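J.: See work.txt below, with compact mmCIF, C-alpha atoms and all ligand atoms.
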```txt
# COMPACT_ATOMS: atom_id res chain seq x y z
CA MET W 1 144.34 89.24 102.40
CA HIS W 2 141.54 91.29 103.97
CA ARG W 3 140.85 90.58 107.60
CA VAL W 4 137.37 90.72 109.11
CA SER W 5 137.14 90.49 112.88
CA ILE W 6 134.04 88.92 114.48
CA GLU W 7 133.20 89.27 118.16
CA ARG W 8 130.25 87.97 120.15
CA VAL W 9 128.43 90.71 122.07
CA GLY W 10 125.13 89.53 123.51
CA SER W 11 123.49 92.84 124.42
CA TYR W 12 123.90 96.61 124.37
CA ASP W 13 125.04 96.69 127.99
CA ARG W 14 127.52 99.57 128.06
CA GLU W 15 130.42 97.61 129.53
CA LEU W 16 129.82 94.58 127.29
CA VAL W 17 129.90 96.73 124.16
CA ARG W 18 132.99 98.66 125.24
CA ALA W 19 134.96 95.52 126.13
CA GLY W 20 133.63 93.70 123.04
CA MET W 21 134.77 96.50 120.75
CA GLU W 22 138.27 96.46 122.24
CA ARG W 23 138.52 92.69 121.65
CA LEU W 24 137.07 93.17 118.16
CA LEU W 25 139.70 95.71 117.16
CA ALA W 26 142.68 93.98 118.79
CA PRO W 27 143.41 91.68 115.77
CA LEU W 28 143.33 94.78 113.52
CA GLY W 29 145.90 96.61 115.66
CA GLY W 30 143.47 98.43 117.99
CA MET W 31 142.04 101.91 117.44
CA GLY W 32 145.56 103.35 117.66
CA ALA W 33 146.32 101.76 114.28
CA PHE W 34 143.72 104.03 112.66
CA VAL W 35 143.75 107.25 114.68
CA SER W 36 146.70 109.48 115.52
CA PRO W 37 146.67 112.21 118.20
CA GLY W 38 144.98 115.35 116.87
CA ASP W 39 143.16 113.62 114.00
CA ARG W 40 139.63 114.87 113.33
CA VAL W 41 137.76 111.58 113.07
CA LEU W 42 134.31 111.51 111.54
CA LEU W 43 132.18 108.68 112.90
CA LYS W 44 129.41 107.85 110.42
CA PRO W 45 126.58 105.88 112.04
CA ASN W 46 123.35 104.86 110.34
CA MET W 47 120.98 107.75 111.15
CA LEU W 48 118.21 106.88 108.70
CA ALA W 49 115.28 108.28 110.67
CA ALA W 50 114.17 109.49 114.10
CA LYS W 51 113.51 106.07 115.65
CA THR W 52 114.27 104.76 119.12
CA PRO W 53 117.11 102.22 119.46
CA ASP W 54 114.74 99.27 120.07
CA LYS W 55 113.43 99.60 116.48
CA ALA W 56 116.88 98.60 115.11
CA VAL W 57 116.67 101.25 112.38
CA THR W 58 119.72 103.23 113.52
CA THR W 59 123.16 102.30 114.87
CA HIS W 60 122.80 101.71 118.61
CA PRO W 61 124.01 104.62 120.77
CA GLU W 62 126.15 102.35 122.97
CA LEU W 63 128.13 101.30 119.91
CA LEU W 64 128.68 104.96 119.09
CA ARG W 65 129.71 105.64 122.70
CA ALA W 66 132.28 102.84 122.64
CA ALA W 67 133.72 104.02 119.31
CA ILE W 68 133.95 107.64 120.48
CA GLY W 69 135.67 106.48 123.68
CA LEU W 70 138.32 104.56 121.75
CA VAL W 71 138.89 107.42 119.29
CA GLN W 72 139.35 109.88 122.14
CA ALA W 73 141.62 107.48 124.04
CA ALA W 74 143.81 107.34 120.89
CA GLY W 75 144.02 111.15 120.96
CA GLY W 76 141.52 111.79 118.16
CA ILE W 77 138.82 114.47 118.01
CA ALA W 78 135.49 112.69 117.56
CA LEU W 79 132.89 114.12 115.17
CA VAL W 80 129.56 112.41 114.52
CA GLY W 81 127.79 113.11 111.24
CA ASP W 82 125.27 111.86 108.70
CA SER W 83 122.52 113.08 106.41
CA PRO W 84 119.32 111.39 107.61
CA GLY W 85 116.77 110.22 105.06
CA ILE W 86 114.06 112.10 106.92
CA GLY W 87 114.25 114.81 109.60
CA GLY W 88 117.16 116.96 110.68
CA ILE W 89 120.24 115.38 112.22
CA ARG W 90 119.50 116.81 115.66
CA LYS W 91 116.02 115.29 115.78
CA VAL W 92 117.31 111.91 114.57
CA ALA W 93 120.24 112.03 117.01
CA GLU W 94 117.92 112.88 119.89
CA ARG W 95 115.37 110.14 119.22
CA SER W 96 117.98 107.47 118.45
CA GLY W 97 119.82 108.17 121.71
CA MET W 98 122.95 109.37 119.90
CA LEU W 99 122.62 113.02 120.93
CA ALA W 100 122.92 112.13 124.62
CA VAL W 101 126.06 110.11 123.83
CA VAL W 102 127.55 112.99 121.83
CA GLU W 103 126.90 115.43 124.67
CA GLU W 104 128.11 113.11 127.42
CA THR W 105 131.35 112.25 125.62
CA GLY W 106 132.19 115.78 124.42
CA ALA W 107 132.08 114.73 120.77
CA GLU W 108 130.72 117.13 118.13
CA LEU W 109 127.54 116.56 116.12
CA VAL W 110 128.12 117.60 112.51
CA ALA W 111 125.26 118.23 110.09
CA PHE W 112 125.91 117.25 106.48
CA GLU W 113 124.66 120.39 104.76
CA GLU W 114 127.46 122.02 102.79
CA THR W 115 128.69 120.02 99.83
CA GLU W 116 131.76 119.82 97.65
CA GLU W 117 131.98 118.52 94.11
CA VAL W 118 134.25 115.55 93.44
CA ALA W 119 135.01 113.93 90.11
CA GLY W 120 133.70 110.37 89.75
CA SER W 121 136.10 107.55 88.96
CA GLY W 122 133.86 105.32 86.86
CA MET W 123 130.51 105.59 85.11
CA PHE W 124 129.39 108.72 87.01
CA ARG W 125 131.15 111.95 86.14
CA ARG W 126 130.73 113.88 89.36
CA PHE W 127 129.36 113.62 92.87
CA GLU W 128 128.41 116.24 95.43
CA LEU W 129 129.37 114.90 98.82
CA ALA W 130 129.09 116.43 102.29
CA ARG W 131 132.03 118.72 102.99
CA PRO W 132 132.58 117.44 106.57
CA TYR W 133 132.81 113.91 105.13
CA LEU W 134 135.50 114.97 102.67
CA GLU W 135 137.41 117.21 105.07
CA ALA W 136 137.73 114.85 108.06
CA ASP W 137 141.22 113.40 108.56
CA ARG W 138 139.75 109.92 109.07
CA ILE W 139 136.36 108.32 108.56
CA ILE W 140 135.11 105.49 110.71
CA ASN W 141 131.99 103.84 109.34
CA LEU W 142 129.45 102.54 111.89
CA PRO W 143 126.74 100.78 109.86
CA LYS W 144 123.84 98.69 111.13
CA LEU W 145 123.29 95.28 109.53
CA LYS W 146 119.80 95.35 107.99
CA THR W 147 117.86 93.83 105.15
CA HIS W 148 116.92 96.32 102.44
CA GLU W 149 113.93 96.20 100.12
CA MET W 150 115.79 97.71 97.21
CA MET W 151 119.35 96.39 97.66
CA THR W 152 118.57 93.23 99.74
CA MET W 153 121.09 94.19 102.42
CA THR W 154 122.49 97.42 103.82
CA CYS W 155 125.75 97.31 105.71
CA ALA W 156 129.15 98.98 105.28
CA VAL W 157 129.10 100.16 101.63
CA LYS W 158 125.45 101.26 101.54
CA ASN W 159 125.82 103.23 104.80
CA LEU W 160 128.15 105.65 102.99
CA PHE W 161 125.27 106.85 100.79
CA GLY W 162 124.71 109.16 103.79
CA ALA W 163 127.60 111.26 102.44
CA VAL W 164 125.14 112.42 99.77
CA VAL W 165 123.28 115.33 101.27
CA GLY W 166 119.49 115.35 101.88
CA THR W 167 117.44 115.94 98.77
CA ALA W 168 120.34 115.06 96.45
CA LYS W 169 119.73 111.44 97.50
CA ALA W 170 116.42 111.52 95.62
CA GLY W 171 118.29 112.78 92.55
CA TRP W 172 120.62 109.79 92.67
CA HIS W 173 117.72 107.42 93.11
CA LEU W 174 116.27 108.93 89.99
CA LYS W 175 119.52 108.78 88.02
CA ALA W 176 120.58 105.29 89.05
CA GLY W 177 117.81 103.85 91.22
CA ALA W 178 115.59 102.46 88.48
CA ASP W 179 118.24 99.83 87.92
CA ARG W 180 119.56 98.16 91.06
CA GLU W 181 122.78 97.08 89.37
CA GLN W 182 123.51 100.66 88.36
CA PHE W 183 122.60 101.91 91.82
CA ALA W 184 125.07 99.41 93.29
CA ARG W 185 127.81 100.76 91.02
CA MET W 186 127.00 104.27 92.19
CA LEU W 187 127.28 103.17 95.85
CA LEU W 188 130.66 101.59 95.13
CA GLU W 189 131.92 104.77 93.47
CA ILE W 190 130.93 106.84 96.49
CA TYR W 191 132.74 104.35 98.72
CA LEU W 192 135.88 104.44 96.56
CA LEU W 193 136.00 108.25 96.51
CA ARG W 194 136.64 108.37 100.25
CA PRO W 195 136.99 104.91 101.81
CA PRO W 196 136.73 104.78 105.62
CA VAL W 197 139.87 103.68 107.45
CA LEU W 198 137.76 101.36 109.58
CA ASN W 199 134.25 99.89 109.53
CA ILE W 200 132.54 98.61 112.68
CA VAL W 201 129.19 96.89 112.13
CA ASP W 202 126.38 96.90 114.68
CA ALA W 203 124.95 93.38 114.40
CA VAL W 204 124.15 92.93 118.09
CA VAL W 205 120.54 93.35 117.02
CA ALA W 206 120.14 93.46 113.24
CA MET W 207 117.00 94.08 111.18
CA GLU W 208 115.24 91.42 109.10
CA GLY W 209 112.20 91.49 106.83
CA ASN W 210 111.16 94.74 105.24
CA GLY W 211 114.22 96.81 106.08
CA PRO W 212 115.77 99.28 106.24
CA GLY W 213 112.97 101.24 107.93
CA SER W 214 110.04 98.88 108.54
CA GLY W 215 111.61 95.51 109.31
CA ASP W 216 111.81 93.56 112.55
CA PRO W 217 114.69 93.57 115.04
CA LYS W 218 116.61 90.29 115.05
CA PRO W 219 119.21 89.45 117.71
CA VAL W 220 122.44 88.34 116.03
CA GLY W 221 124.79 89.05 118.95
CA LEU W 222 127.81 90.22 116.96
CA LEU W 223 130.12 93.10 116.23
CA LEU W 224 132.14 92.93 113.00
CA ALA W 225 135.06 95.08 111.95
CA GLY W 226 137.41 95.44 109.02
CA THR W 227 139.28 97.99 106.98
CA ASN W 228 137.69 97.00 103.66
CA ALA W 229 133.95 97.75 103.48
CA VAL W 230 133.32 95.38 100.56
CA ALA W 231 135.00 92.43 102.31
CA LEU W 232 133.08 93.23 105.48
CA ASP W 233 129.78 93.18 103.58
CA VAL W 234 130.70 89.81 102.04
CA ILE W 235 131.16 88.31 105.51
CA ALA W 236 128.09 90.07 106.95
CA ALA W 237 125.99 88.58 104.14
CA GLU W 238 127.39 85.11 104.84
CA ILE W 239 126.45 85.43 108.49
CA ALA W 240 122.98 86.66 107.53
CA GLY W 241 122.51 83.81 105.04
CA ILE W 242 121.84 86.14 102.11
CA PRO W 243 122.45 84.44 98.74
CA ARG W 244 125.24 86.13 96.80
CA ASN W 245 123.11 86.46 93.67
CA LEU W 246 120.81 88.85 95.57
CA LEU W 247 123.63 91.10 96.73
CA TYR W 248 123.74 93.83 94.11
CA VAL W 249 126.69 95.66 95.66
CA GLU W 250 128.77 92.52 95.89
CA ARG W 251 127.89 91.49 92.33
CA ALA W 252 128.87 94.91 91.05
CA ALA W 253 132.09 94.82 93.08
CA ARG W 254 133.00 91.46 91.52
CA GLU W 255 132.20 92.69 88.01
CA LEU W 256 134.24 95.87 88.52
CA ARG W 257 137.00 93.92 90.27
CA VAL W 258 136.80 96.19 93.30
CA ASP W 259 139.26 95.18 96.00
CA GLY W 260 137.54 93.14 98.71
CA ALA W 261 135.05 91.25 96.55
CA ASP W 262 137.14 88.09 96.17
CA ARG W 263 136.03 85.71 98.93
CA ASN W 264 139.29 83.76 98.62
CA ARG W 265 141.16 86.86 99.77
CA ILE W 266 139.13 87.42 102.97
CA GLU W 267 140.06 85.82 106.27
CA THR W 268 138.00 86.00 109.43
CA VAL W 269 139.40 86.19 112.95
CA GLY W 270 137.74 86.03 116.36
CA ALA W 271 134.50 84.05 116.64
CA ASP W 272 134.18 81.03 114.34
CA LEU W 273 132.15 82.02 111.27
CA ASP W 274 130.40 78.64 111.18
CA GLU W 275 129.14 79.09 114.73
CA VAL W 276 127.71 82.59 114.44
CA ARG W 277 125.43 82.39 111.40
CA VAL W 278 121.96 83.84 112.01
CA PRO W 279 119.85 83.83 108.82
CA LEU W 280 117.84 87.00 108.33
CA ARG W 281 114.36 86.87 106.78
CA LEU W 282 114.55 88.68 103.45
CA PRO W 283 112.26 91.50 102.32
CA HIS W 284 108.99 90.45 100.69
CA ILE W 285 109.94 91.94 97.35
CA SER W 286 110.04 90.20 94.01
CA ASP W 287 112.37 91.46 91.34
CA VAL W 288 113.00 89.13 88.45
CA GLN W 289 114.74 91.57 86.16
CA PHE W 290 118.25 90.17 86.57
CA GLY W 291 120.09 89.91 83.30
CA LEU W 292 117.49 91.79 81.24
CA PRO W 293 118.78 94.60 79.03
CA PRO W 294 118.00 98.11 80.43
CA PHE W 295 115.29 98.97 77.87
CA LEU W 296 113.37 95.79 78.75
CA LYS W 297 113.83 96.35 82.46
CA ASN W 298 112.16 99.73 82.20
CA ARG W 299 109.23 98.34 80.22
CA LEU W 300 108.68 95.23 82.30
CA ARG W 301 109.29 96.68 85.75
CA HIS W 302 105.60 97.40 86.16
CA TYR W 303 104.66 93.75 85.70
CA LEU W 304 107.62 91.95 87.24
CA THR W 305 108.50 93.81 90.40
CA SER W 306 106.67 94.45 93.64
CA ARG W 307 105.14 97.89 94.14
CA PRO W 308 104.22 100.05 97.14
CA VAL W 309 100.54 100.24 98.14
CA GLN W 310 98.78 102.29 100.82
CA LYS W 311 97.49 100.68 104.03
CA ASP W 312 94.35 102.80 104.32
CA GLU W 313 93.85 102.47 108.04
CA ALA W 314 97.42 103.46 108.98
CA CYS W 315 98.05 106.33 106.57
CA ALA W 316 97.93 109.81 108.12
CA LEU W 317 98.17 111.50 104.69
CA CYS W 318 101.19 113.40 106.01
CA GLY W 319 102.76 113.67 102.54
CA VAL W 320 106.27 112.50 103.59
CA CYS W 321 106.27 109.73 100.97
CA ARG W 322 104.98 112.07 98.26
CA ASP W 323 107.70 114.63 99.01
CA ALA W 324 110.45 111.99 99.15
CA CYS W 325 109.48 110.13 95.96
CA PRO W 326 112.31 110.73 93.43
CA PRO W 327 110.15 110.64 90.25
CA ARG W 328 107.15 112.33 91.94
CA ALA W 329 105.03 109.22 91.38
CA ILE W 330 102.76 109.77 94.41
CA GLU W 331 99.86 112.20 94.73
CA ILE W 332 97.35 112.75 97.49
CA ARG W 333 93.92 112.95 95.84
CA ASP W 334 90.49 112.83 97.48
CA GLY W 335 91.93 111.66 100.79
CA ARG W 336 93.93 108.81 99.25
CA LEU W 337 97.39 108.17 97.89
CA VAL W 338 97.49 107.72 94.14
CA PHE W 339 100.57 106.01 92.66
CA ASP W 340 101.76 106.35 89.09
CA TYR W 341 103.29 102.89 88.82
CA HIS W 342 104.67 103.49 85.34
CA SER W 343 106.87 106.30 86.71
CA CYS W 344 107.65 104.48 89.97
CA ILE W 345 111.24 103.24 89.96
CA ARG W 346 110.67 100.78 92.86
CA CYS W 347 113.26 102.45 95.09
CA PHE W 348 110.95 102.01 98.13
CA CYS W 349 112.13 105.32 99.62
CA CYS W 350 108.43 105.89 100.42
CA ARG W 351 108.29 102.79 102.63
CA GLU W 352 111.71 103.51 104.08
CA LEU W 353 110.68 106.98 105.21
CA CYS W 354 106.97 106.63 106.09
CA PRO W 355 106.75 107.56 109.79
CA HIS W 356 103.54 105.51 110.25
CA ASN W 357 104.51 102.24 108.58
CA ALA W 358 101.51 102.83 106.33
CA LEU W 359 102.78 101.37 103.06
CA ASP W 360 102.70 97.73 102.09
CA VAL W 361 104.09 95.93 99.05
CA ARG W 362 102.17 94.03 96.41
CA GLU W 363 103.67 91.76 93.79
CA GLY W 364 103.72 92.78 90.14
CA SER W 365 100.78 91.46 88.09
CA ALA W 366 102.89 89.00 86.05
CA MET W 367 104.34 87.51 89.23
CA ARG W 368 100.85 87.18 90.77
CA LEU W 369 99.66 85.39 87.66
CA VAL W 370 102.61 82.98 87.70
CA ARG W 371 101.92 82.19 91.35
CA ARG W 372 98.21 81.60 90.66
CA LEU W 373 99.03 79.27 87.78
CA ARG W 374 101.47 77.35 89.96
CA ARG W 375 98.85 76.94 92.70
CA GLY W 376 96.35 75.71 90.10
CA ARG W 377 98.68 72.94 88.94
S1 LIG W 401 101.94 106.48 103.45
FE1 LIG W 401 103.06 107.22 105.24
S2 LIG W 401 104.35 108.87 104.51
FE2 LIG W 401 102.77 108.50 102.95
S3 LIG W 401 101.16 109.92 103.44
FE3 LIG W 401 100.62 107.99 104.44
S4 LIG W 401 101.49 108.18 106.50
FE4 LIG W 401 102.46 109.79 105.27
S1 LIG W 402 106.40 105.47 94.74
FE1 LIG W 402 107.83 104.80 96.32
S2 LIG W 402 108.92 103.11 95.32
FE2 LIG W 402 107.93 104.25 93.71
S3 LIG W 402 109.49 105.72 93.04
FE3 LIG W 402 108.22 106.75 94.58
S4 LIG W 402 109.35 106.46 96.47
FE4 LIG W 402 110.17 104.98 95.01
```
Take the structure in this file and express it as structure tokens.
T.:
Amino acid sequence: MHRVSIERVGSYDRELVRAGMERLLAPLGGMGAFVSPGDRVLLKPNMLAAKTPDKAVTTHPELLRAAIGLVQAAGGIALVGDSPGIGGIRKVAERSGMLAVVEETGAELVAFEETEEVAGSGMFRRFELARPYLEADRIINLPKLKTHEMMTMTCAVKNLFGAVVGTAKAGWHLKAGADREQFARMLLEIYLLRPPVLNIVDAVVAMEGNGPGSGDPKPVGLLLAGTNAVALDVIAAEIAGIPRNLLYVERAARELRVDGADRNRIETVGADLDEVRVPLRLPHISDVQFGLPPFLKNRLRHYLTSRPVQKDEACALCGVCRDACPPRAIEIRDGRLVFDYHSCIRCFCCRELCPHNALDVREGSAMRLVRRLRRGR
């Protein structure tokens, strides 16, 4: 049986979070069950972009502070690392409030720059992962619960994509990102290569709508913890009211029989699951390619799935989206963004990383037509 602990924490008040995290971990044996004196413990928060904590894009700094405190109290050496989607780790840590926490607690900020090659265990032959991620004695995953335009939800498993360094992320989007089911398998393989010993989810304030970078903060008032990231995601999705058929990672985990995907083998402890559900508004993205064979998916993507479009008034023409686009499907021409929608793999990295929230989504033409016909009935 996998155990997922659920604890109510109503705000990011420092003392509330610290005490809440202790209660959260007690049914799992406390931090001492995961960290031994002298262990170098890598804490992996969500450091997607340089956003302030109120935007709910990154793991809240008070959650990081509480986790560092417990690691240090158990005798561990706390390291904090990630590979942000945009900007250097120092800039992201500073803006998100995590740098101050690192400095005040005496932890060490670790940039994911150097990589090491590891053999894949499934459909992908090799991965290059951040060396500090592979070399740490223990990994503690600190994801933020958010909706996700490409994968519907990001939580414990998806947060570990940060172990892929900087620009290599775009390469993986290109290799596997055109097909969400394949991308989910890739995420699971990364998780299985180096599973964290513990996952602690920041769901005090989650993100709903067009996450993971442009959604709206949504108070959920919870911390979740568990040793199995897949099982934790299953419970997080239940709390968030996300239908299982939209959870690509969970579907892939069930198909591949990855440990943690069987709901009958997950128990929850702490707060009553039925009393803490807070449905999250899902991203405004349509993708009706489920079940189609890959060659049809590629041909029909243009007509069936939503696509990114420029919001003229908000766009600063900074070029961040163009530079981040895995298949190079964006150009800046005559003072406008020009998209090549036939190359676009609908990964929505452009929306995720745009610093000005200047990209919108528009439904595919076939979906618009279906909707018009329905309205005309
Ligand atoms: S859409 Fe955003 S990221 Fe792209 S050029 Fe405009 S402001 Fe920059
Ligand atoms: S245009 Fe945006 S959604 Fe399309 S491939 Fe590029 S980054 Fe991904």
J.: Restricting the calculation to only C-alpha atoms and all ligand atoms: of W:Ser214, W:Ser343, W:Thr147, W:Thr105, which residue gets closest to ligand LIG 401 (chain W)?
T.: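 Among the listed residues, W:Ser214 lies closest to ligand LIG 401 (chain W).
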J.: Could you pull out the residues sitting within 6 Å of ligand LIG 401 (chain W), using all atoms listed in the file, and write them as a PyMOL selection string?
T.: chain W and resi 310+315-321+354-356+358-359
J.: Check which residues fall inside 7 Å of ligand LIG 402 (chain W) when counting only C-alpha atoms and all ligand atoms, and print them as a list in words.
T.: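 My answer, listing the contacting residues, is Arg307, Pro308, Cys321, Ala324, Cys325, Pro326, Pro327, Arg328, Ala329, Ile330, Phe339, Tyr341, Ser343, Cys344, Ile345, Arg346, Cys347, Phe348, Cys349, Cys350 and Arg351 of chain W.
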J.: Given all atoms listed in the file as the basis, pick out the residue of W:Asp13, W:Asn357, W:Val165, W:Lys44 nearest to W:Gly88.
T.: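 Of W:Asp13, W:Asn357, W:Val165, W:Lys44, the one nearest W:Gly88, counting all atoms listed in the file, is W:Val165.
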J.: Centre and edge lengths, as lines of an AutoDock Vina configuration file, for the axis-aligned box enclosing every listed atom of stretch 234-237 of chain W with 4 Å of padding on each of the six sides, in Å to one decimal?
T.:
```
center_x = 128.6
center_y = 89.2
center_z = 104.5
size_x = 13.2
size_y = 9.8
size_z = 12.9
```
J.: Calculate how many Å separate atom CA of W:Glu149 from atom CA of W:Asp262, rounding to one decimal.
T.: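 Spanning atom CA of W:Glu149 to atom CA of W:Asp262 is a straight-line distance of 24.9 Å.
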J.: So how many Å separate atom CA of W:Lys146 and atom CA of W:Val338, to one decimal?
T.: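 Computed distance, atom CA of W:Lys146 to atom CA of W:Val338, equals 29.0 Å.
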J.: For the interface of stretch 240-357 of chain W with stretch 24-41 of chain W (cut-off 12 Å, counting only C-alpha atoms), please tabulate each contacting residue of stretch 240-357 of chain W alongside its nearest pair of atoms and their separation in Å to one decimal, rows sorted by chain and increasing number, as CSV.
T.:
```
residue,atom,partner,partner_atom,distance
W:Glu267,CA,W:Pro27,CA,11.7
W:Thr268,CA,W:Pro27,CA,10.1
W:Val269,CA,W:Pro27,CA,7.4
W:Gly270,CA,W:Leu24,CA,7.4
W:Ala271,CA,W:Leu24,CA,9.6
```
J.: Can you spit out the residues from that selection as a tab-separated table (two decimals), keeping the file's coordinate frame, using C-alpha atoms?
T.:
```tsv
chain	number	residue	atom	x	y	z
W	267	GLU	CA	140.06	85.82	106.27
W	268	THR	CA	138.00	86.00	109.43
W	269	VAL	CA	139.40	86.19	112.95
W	270	GLY	CA	137.74	86.03	116.36
W	271	ALA	CA	134.50	84.05	116.64
```
J.: Rank W:Val309, W:Leu129, W:Leu64, W:Leu304 by their smallest atom-to-atom distance to W:Gly364, using all atoms listed in the file, and report the top residue only.
T.: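 For W:Gly364, the nearest of the given residues is W:Leu304.
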J.: Counting only C-alpha atoms, which residues come within 9 Å of (124.7, 99.5, 105.4), with the point read in the file's coordinates, and could you list them as a list in words?
T.: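 Selection result: Asn46, Leu142, Pro143, Lys144, Leu145, Lys146, Thr147, His148, Met153, Thr154, Cys155, Ala156, Val157, Lys158, Asn159, Leu160, Phe161, Val201, Pro212 and Asp233 of chain W.
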J.: Calculated over only C-alpha atoms, which of the candidates W:Asn228, W:Thr59, W:Ser11, W:Asn264 has the smallest distance to W:Pro195?
T.: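 Ranked by minimum distance to W:Pro195, first place goes to W:Asn228.
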J.: For atom CA of W:Val197 and atom CA of W:Ala229, determine how far apart the two atoms are, in Å to one decimal place.
T.: 9.3 Å
J.: Show me the residues close to (114.8, 116.1, 101.8) - anything with an atom within 9 Å, counting only C-alpha atoms - and format the list as a list in words.
T.: Pro84, Gly85, Ile86, Gly87, Val165, Gly166, Thr167, Ala168, Lys169, Ala170, Asp323 and Ala324 of chain W
J.: I'd like the contact shell of W:Val164 - 8 Å cut-off, all atoms listed in the file, skipping same-chain residues fewer than 6 positions apart - returned as a list of chain:residue names.
T.: W:Ser83, W:Glu128, W:Leu129, W:Ala130
J.: When distances are computed from all atoms listed in the file, which of W:Tyr133, W:Met207, W:Thr52, W:Thr152 shows the smallest separation from W:Leu247?
T.: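 Closest candidate: W:Thr152.
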J.: Considering all atoms listed in the file, return as a list in words whatever protein or nucleic-acid residues lie within 6 Å of stretch 183-191 of chain W, sequence-local ones (same chain, fewer than 4 positions apart) excluded.
T.: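 The residues satisfying every condition are Ala176, Gly177, Pro195, Tyr248, Val249 and Ala252 of chain W.
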J.: Which one of W:Ile200, W:Leu337, W:Met123, W:Val80 sits closest to W:Ala236 if you count all atoms listed in the file?
T.: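 Nearest to W:Ala236: W:Ile200.
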J.: Write out as a PDB file with C-alpha atoms, in the frame of the given file each polymer residue whose atoms come within 6 Å of W:Glu208, counting all atoms listed in the file; drop sequence neighbours fewer than 6 positions from it.
T.:
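Here's the written file out32.pdb:
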```pdb
ATOM      1  CA  THR W 147     117.860  93.830 105.150  1.00  0.00           C
ATOM      2  CA  GLY W 215     111.610  95.510 109.310  1.00  0.00           C
ATOM      3  CA  ASP W 216     111.810  93.560 112.550  1.00  0.00           C
ATOM      4  CA  LEU W 280     117.840  87.000 108.330  1.00  0.00           C
ATOM      5  CA  ARG W 281     114.360  86.870 106.780  1.00  0.00           C
TER       6      ARG W 281
END
```
